[in-house]
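Below is model.cif, holding mmCIF, C-alpha atoms.
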```
data_input
#
loop_
_atom_site.group_PDB
_atom_site.id
_atom_site.type_symbol
_atom_site.label_atom_id
_atom_site.label_comp_id
_atom_site.auth_asym_id
_atom_site.auth_seq_id
_atom_site.Cartn_x
_atom_site.Cartn_y
_atom_site.Cartn_z
ATOM 1 C CA MET A 1 8.200 -109.092 -86.793
ATOM 2 C CA TYR A 2 10.780 -111.641 -85.614
ATOM 3 C CA THR A 3 14.121 -110.465 -84.173
ATOM 4 C CA ALA A 4 16.950 -113.000 -83.969
ATOM 5 C CA PRO A 5 18.644 -113.438 -80.582
ATOM 6 C CA HIS A 6 21.679 -111.200 -79.996
ATOM 7 C CA GLN A 7 23.982 -114.262 -79.870
ATOM 8 C CA THR A 8 23.025 -115.330 -83.422
ATOM 9 C CA ARG A 9 25.958 -115.267 -85.845
ATOM 10 C CA ILE A 10 26.791 -116.337 -89.368
ATOM 11 C CA GLY A 11 28.179 -119.867 -89.136
ATOM 12 C CA HIS A 12 29.579 -120.475 -92.604
ATOM 13 C CA VAL A 13 29.323 -119.712 -96.290
ATOM 14 C CA HIS A 14 29.144 -122.497 -98.878
ATOM 15 C CA LEU A 15 30.290 -121.608 -102.401
ATOM 16 C CA LYS A 16 29.837 -123.323 -105.742
ATOM 17 C CA VAL A 17 33.207 -123.452 -107.520
ATOM 18 C CA ALA A 18 34.402 -124.623 -110.926
ATOM 19 C CA ASP A 19 37.692 -126.208 -109.834
ATOM 20 C CA LEU A 20 37.958 -127.554 -106.290
ATOM 21 C CA ASP A 21 41.775 -127.726 -106.155
ATOM 22 C CA ARG A 22 42.087 -124.144 -107.418
ATOM 23 C CA ALA A 23 39.540 -122.906 -104.870
ATOM 24 C CA ILE A 24 41.215 -124.790 -102.008
ATOM 25 C CA ALA A 25 44.582 -123.297 -102.983
ATOM 26 C CA PHE A 26 43.121 -119.783 -102.870
ATOM 27 C CA TYR A 27 41.364 -120.082 -99.507
ATOM 28 C CA ARG A 28 44.220 -122.091 -97.943
ATOM 29 C CA ASP A 29 47.320 -120.455 -99.411
ATOM 30 C CA VAL A 30 46.166 -116.857 -99.870
ATOM 31 C CA LEU A 31 43.654 -116.349 -97.037
ATOM 32 C CA GLY A 32 45.283 -118.819 -94.643
ATOM 33 C CA LEU A 33 42.333 -121.099 -93.852
ATOM 34 C CA THR A 34 42.942 -124.753 -92.960
ATOM 35 C CA VAL A 35 41.287 -127.672 -94.753
ATOM 36 C CA GLN A 36 39.234 -129.539 -92.133
ATOM 37 C CA GLN A 37 37.763 -132.163 -94.448
ATOM 38 C CA ARG A 38 37.729 -133.009 -98.122
ATOM 39 C CA LEU A 39 35.139 -135.125 -99.924
ATOM 40 C CA GLY A 40 37.149 -136.395 -102.892
ATOM 41 C CA THR A 41 36.957 -134.085 -105.886
ATOM 42 C CA GLN A 42 33.546 -132.688 -104.983
ATOM 43 C CA ALA A 43 33.745 -130.696 -101.760
ATOM 44 C CA ALA A 44 36.009 -129.300 -99.061
ATOM 45 C CA PHE A 45 35.482 -127.565 -95.747
ATOM 46 C CA LEU A 46 37.959 -124.945 -94.477
ATOM 47 C CA SER A 47 38.168 -122.863 -91.330
ATOM 48 C CA VAL A 48 40.222 -120.813 -88.928
ATOM 49 C CA GLY A 49 41.017 -122.026 -85.419
ATOM 50 C CA GLY A 50 39.840 -125.612 -85.863
ATOM 51 C CA TYR A 51 36.126 -124.815 -86.330
ATOM 52 C CA HIS A 52 34.381 -127.447 -88.489
ATOM 53 C CA HIS A 53 34.042 -124.973 -91.373
ATOM 54 C CA HIS A 54 33.708 -121.300 -92.121
ATOM 55 C CA ILE A 55 33.866 -121.869 -95.883
ATOM 56 C CA GLY A 56 32.424 -124.820 -97.753
ATOM 57 C CA LEU A 57 33.447 -125.326 -101.383
ATOM 58 C CA ASN A 58 31.719 -127.685 -103.790
ATOM 59 C CA THR A 59 31.520 -128.615 -107.465
ATOM 60 C CA TRP A 60 28.189 -130.465 -107.173
ATOM 61 C CA GLU A 61 26.437 -128.148 -109.650
ATOM 62 C CA SER A 62 29.350 -126.098 -110.935
ATOM 63 C CA GLN A 63 32.247 -128.304 -112.122
ATOM 64 C CA ASP A 64 34.042 -126.378 -114.900
ATOM 65 C CA GLY A 65 31.358 -123.683 -114.661
ATOM 66 C CA THR A 66 31.717 -119.970 -115.261
ATOM 67 C CA PRO A 67 31.023 -117.051 -112.905
ATOM 68 C CA PRO A 68 27.563 -115.476 -113.111
ATOM 69 C CA ALA A 69 27.278 -112.595 -115.546
ATOM 70 C CA GLN A 70 27.367 -109.018 -114.240
ATOM 71 C CA GLY A 71 23.920 -107.680 -113.468
ATOM 72 C CA HIS A 72 22.581 -111.002 -112.136
ATOM 73 C CA THR A 73 21.633 -111.830 -108.590
ATOM 74 C CA GLY A 74 23.874 -113.880 -106.327
ATOM 75 C CA LEU A 75 26.589 -113.474 -103.740
ATOM 76 C CA TYR A 76 28.006 -109.940 -103.595
ATOM 77 C CA HIS A 77 30.881 -110.880 -101.313
ATOM 78 C CA VAL A 78 31.860 -112.920 -98.305
ATOM 79 C CA ALA A 79 33.698 -110.969 -95.618
ATOM 80 C CA PHE A 80 36.512 -112.058 -93.318
ATOM 81 C CA VAL A 81 37.054 -109.906 -90.231
ATOM 82 C CA TYR A 82 40.578 -109.723 -88.824
ATOM 83 C CA PRO A 83 41.345 -108.947 -85.175
ATOM 84 C CA ASP A 84 43.407 -105.809 -85.757
ATOM 85 C CA ARG A 85 45.066 -103.551 -88.305
ATOM 86 C CA ALA A 86 48.377 -105.459 -88.302
ATOM 87 C CA ALA A 87 46.602 -108.751 -89.082
ATOM 88 C CA LEU A 88 44.602 -107.086 -91.863
ATOM 89 C CA GLY A 89 47.805 -105.662 -93.332
ATOM 90 C CA ALA A 90 49.420 -109.116 -93.257
ATOM 91 C CA ALA A 91 46.394 -110.620 -95.020
ATOM 92 C CA LEU A 92 46.555 -107.894 -97.670
ATOM 93 C CA ARG A 93 50.262 -108.585 -98.146
ATOM 94 C CA SER A 94 49.400 -112.255 -98.857
ATOM 95 C CA VAL A 95 46.742 -111.226 -101.394
ATOM 96 C CA LEU A 96 49.167 -108.928 -103.206
ATOM 97 C CA ALA A 97 51.978 -111.520 -103.132
ATOM 98 C CA ALA A 98 49.620 -113.968 -104.856
ATOM 99 C CA GLY A 99 49.151 -111.475 -107.686
ATOM 100 C CA ILE A 100 45.478 -110.933 -106.933
ATOM 101 C CA GLU A 101 44.042 -107.658 -108.187
ATOM 102 C CA VAL A 102 42.600 -105.474 -105.446
ATOM 103 C CA GLN A 103 39.311 -104.025 -106.684
ATOM 104 C CA GLY A 104 38.789 -101.551 -103.869
ATOM 105 C CA ALA A 105 40.040 -100.330 -100.513
ATOM 106 C CA SER A 106 37.759 -98.282 -98.280
ATOM 107 C CA ASP A 107 37.613 -96.668 -94.875
ATOM 108 C CA HIS A 108 33.984 -97.004 -93.776
ATOM 109 C CA GLY A 109 34.409 -95.212 -90.468
ATOM 110 C CA VAL A 110 33.357 -98.368 -88.611
ATOM 111 C CA SER A 111 35.900 -100.519 -90.452
ATOM 112 C CA GLU A 112 38.756 -100.621 -92.945
ATOM 113 C CA ALA A 113 38.153 -102.948 -95.887
ATOM 114 C CA ILE A 114 39.880 -104.415 -98.950
ATOM 115 C CA TYR A 115 37.911 -105.937 -101.833
ATOM 116 C CA PHE A 116 38.914 -108.508 -104.479
ATOM 117 C CA SER A 117 37.582 -111.734 -106.030
ATOM 118 C CA ASP A 118 38.388 -115.405 -105.646
ATOM 119 C CA PRO A 119 39.274 -117.488 -108.739
ATOM 120 C CA ASP A 120 35.560 -118.176 -109.385
ATOM 121 C CA GLY A 121 34.597 -114.508 -109.347
ATOM 122 C CA ASN A 122 33.076 -114.566 -105.853
ATOM 123 C CA GLY A 123 33.565 -111.240 -104.110
ATOM 124 C CA ILE A 124 35.843 -111.255 -101.078
ATOM 125 C CA GLU A 125 36.152 -108.552 -98.414
ATOM 126 C CA ILE A 126 38.863 -108.621 -95.783
ATOM 127 C CA TYR A 127 38.429 -106.028 -93.044
ATOM 128 C CA ARG A 128 38.963 -105.008 -89.471
ATOM 129 C CA ASP A 129 36.424 -103.289 -87.262
ATOM 130 C CA ARG A 130 37.261 -100.211 -85.271
ATOM 131 C CA PRO A 131 36.170 -100.224 -81.612
ATOM 132 C CA GLN A 132 32.440 -99.425 -81.380
ATOM 133 C CA SER A 133 33.258 -96.378 -79.287
ATOM 134 C CA ASP A 134 35.030 -94.913 -82.356
ATOM 135 C CA TRP A 135 32.193 -95.543 -84.831
ATOM 136 C CA PRO A 136 30.896 -92.358 -86.460
ATOM 137 C CA ARG A 137 27.422 -91.407 -85.316
ATOM 138 C CA ALA A 138 24.980 -88.675 -86.246
ATOM 139 C CA ALA A 139 23.737 -86.211 -83.625
ATOM 140 C CA ASP A 140 20.755 -88.488 -82.889
ATOM 141 C CA GLY A 141 23.093 -91.455 -82.207
ATOM 142 C CA THR A 142 22.397 -93.392 -85.394
ATOM 143 C CA LEU A 143 25.316 -95.001 -87.148
ATOM 144 C CA HIS A 144 26.824 -92.936 -89.954
ATOM 145 C CA MET A 145 28.977 -95.221 -92.116
ATOM 146 C CA VAL A 146 31.046 -93.591 -94.857
ATOM 147 C CA THR A 147 33.128 -94.684 -97.820
ATOM 148 C CA ARG A 148 36.482 -92.953 -98.015
ATOM 149 C CA PRO A 149 39.735 -94.059 -99.651
ATOM 150 C CA LEU A 150 41.871 -96.332 -97.465
ATOM 151 C CA ASP A 151 45.585 -95.605 -97.144
ATOM 152 C CA VAL A 152 46.783 -99.035 -98.298
ATOM 153 C CA GLN A 153 50.473 -98.213 -97.918
ATOM 154 C CA ALA A 154 49.996 -97.222 -94.276
ATOM 155 C CA LEU A 155 48.049 -100.436 -93.697
ATOM 156 C CA LEU A 156 50.846 -102.515 -95.238
ATOM 157 C CA ALA A 157 53.417 -100.677 -93.090
ATOM 158 C CA GLU A 158 51.590 -101.985 -89.984
ATOM 159 C CA ALA A 159 51.462 -105.585 -91.244
ATOM 160 C CA ALA A 160 52.321 -108.199 -88.647
#
```
Could you show the structure in this file as structure tokens?
Amino acid sequence: MYTAPHQTRIGHVHLKVADLDRAIAFYRDVLGLTVQQRLGTQAAFLSVGGYHHHIGLNTWESQDGTPPAQGHTGLYHVAFVYPDRAALGAALRSVLAAGIEVQGASDHGVSEAIYFSDPDGNGIEIYRDRPQSDWPRAADGTLHMVTRPLDVQALLAEAA
């Protein structure tokens, strides 16, 4: 069985969207990504920190399309990891200010996460990891992730 090298990472996610301008506005104005390149009305590439792209958006097969029906296969969510609790709280504040409905907020022991959807129904998770030394582990050392309610108000109080 093949094992990927430890340095392997997810480079980017490319999403099919119905309305490119609407999708750009969400990822730029709500999540704070920067447009690196735009290909007319068909595609755009956005990132953080000047990287070529973390998110690709296109309408090549989906212009004016609808989200997939519940119960079908496809993307569950794309996750954005923030460097600390204050940054996560600030990102959540932006989501709420945009009037976006939060669908869930969980403390997973290893991380704190907020869940919602983009305008095309793609699942979005924003989260912050706890230090690995604080991750919950069973007696045998295996990871023991949990799902507990997240204190959203306390998170917002720490927002940068």
List the neighbours of stretch 72-74 of chain A out to 12 Å using only C-alpha atoms; skip same-chain residues closer than 4 positions along the sequence, and give me the result as a PyMOL selection string. chain A and resi 15-16+67-68+78+121-123
Writing out the chosen residues with C-alpha atoms as a PDB file, in the frame of the given file:
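Final output, saved to out.pdb:
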```pdb
ATOM      1  CA  LEU A  15      30.290-121.608-102.401  1.00  0.00           C
ATOM      2  CA  LYS A  16      29.837-123.323-105.742  1.00  0.00           C
ATOM      3  CA  PRO A  67      31.023-117.051-112.905  1.00  0.00           C
ATOM      4  CA  PRO A  68      27.563-115.476-113.111  1.00  0.00           C
ATOM      5  CA  VAL A  78      31.860-112.920 -98.305  1.00  0.00           C
ATOM      6  CA  GLY A 121      34.597-114.508-109.347  1.00  0.00           C
ATOM      7  CA  ASN A 122      33.076-114.566-105.853  1.00  0.00           C
ATOM      8  CA  GLY A 123      33.565-111.240-104.110  1.00  0.00           C
TER       9      GLY A 123
END
```
One decimal, Å: what's the distance from atom CA of A:Gln153 over to atom CA of A:Trp135, could you say?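 These two atoms are separated by 22.6 Å.
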Pull out every residue that the PyMOL selection byres ((chain A and resi 107) around 12) matches in the shown coordinates and put them as a PyMOL selection string. chain A and resi 104-106+108-115+127-130+135-136+145-152+155
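The residues caught by the PyMOL selection byres ((chain A and resi 59) around 7) in this file are Lys16, Val17, Ala18, Leu20, Gln42, Ala43, Asn58, Trp60, Glu61, Ser62 and Gln63 of chain A.
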For A:Asp19, which residue among A:Val48, A:Pro119, A:Gln70, A:Val102 is the nearest when counting all atoms listed in the file? A:Pro119
Could you list the residues chosen by the PyMOL selection byres ((chain A and resi 95) around 12) in this structure as a JSON list (two decimals) with C-alpha atoms, in the coordinates of the input?
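Output contents, as saved in expr05.json:
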```
[["chain", "number", "residue", "atom", "x", "y", "z"],
["A", 26, "PHE", "CA", 43.12, -119.78, -102.87],
["A", 27, "TYR", "CA", 41.36, -120.08, -99.51],
["A", 28, "ARG", "CA", 44.22, -122.09, -97.94],
["A", 29, "ASP", "CA", 47.32, -120.46, -99.41],
["A", 30, "VAL", "CA", 46.17, -116.86, -99.87],
["A", 31, "LEU", "CA", 43.65, -116.35, -97.04],
["A", 32, "GLY", "CA", 45.28, -118.82, -94.64],
["A", 88, "LEU", "CA", 44.60, -107.09, -91.86],
["A", 89, "GLY", "CA", 47.80, -105.66, -93.33],
["A", 90, "ALA", "CA", 49.42, -109.12, -93.26],
["A", 91, "ALA", "CA", 46.39, -110.62, -95.02],
["A", 92, "LEU", "CA", 46.56, -107.89, -97.67],
["A", 93, "ARG", "CA", 50.26, -108.58, -98.15],
["A", 94, "SER", "CA", 49.40, -112.26, -98.86],
["A", 96, "LEU", "CA", 49.17, -108.93, -103.21],
["A", 97, "ALA", "CA", 51.98, -111.52, -103.13],
["A", 98, "ALA", "CA", 49.62, -113.97, -104.86],
["A", 99, "GLY", "CA", 49.15, -111.48, -107.69],
["A", 100, "ILE", "CA", 45.48, -110.93, -106.93],
["A", 101, "GLU", "CA", 44.04, -107.66, -108.19],
["A", 102, "VAL", "CA", 42.60, -105.47, -105.45],
["A", 103, "GLN", "CA", 39.31, -104.02, -106.68],
["A", 114, "ILE", "CA", 39.88, -104.42, -98.95],
["A", 115, "TYR", "CA", 37.91, -105.94, -101.83],
["A", 116, "PHE", "CA", 38.91, -108.51, -104.48],
["A", 117, "SER", "CA", 37.58, -111.73, -106.03],
["A", 118, "ASP", "CA", 38.39, -115.40, -105.65],
["A", 124, "ILE", "CA", 35.84, -111.26, -101.08],
["A", 125, "GLU", "CA", 36.15, -108.55, -98.41],
["A", 126, "ILE", "CA", 38.86, -108.62, -95.78],
["A", 156, "LEU", "CA", 50.85, -102.52, -95.24]]
```
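Between atom CA of A:His14 and atom CA of A:Leu46 lies a distance of 10.2 Å.
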Could you please determine the separation between atom CA of A:Ile10 and atom CA of A:Thr34 in Å, to one decimal place?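 For atom CA of A:Ile10 relative to atom CA of A:Thr34, the distance reads 18.6 Å.
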When distances are computed from all atoms listed in the file, which of A:Asp64, A:Met1, A:His54, A:Arg9 shows the smallest separation from A:Asp120? A:Asp64
Could you give me the axis-aligned bounding box of stretch 66-78 of chain A, with 6 Å of padding per side, as centre plus edge lengths in Å to one decimal, as AutoDock Vina command-line options?
```
--center_x 26.7 --center_y -113.8 --center_z -106.9 --size_x 22.2 --size_y 24.3 --size_z 29.2
```
With all atoms listed in the file as the atoms that count, which of A:Asp134, A:Asp140, A:Asp21, A:Glu158 lies nearest to A:Val35? A:Asp21
With all atoms listed in the file as the basis for distance, which of A:Val13, A:Gly141, A:His6, A:Ala159 is at the shortest distance from A:His77?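 Answer, going by the shortest atom-to-atom distance: A:Val13.
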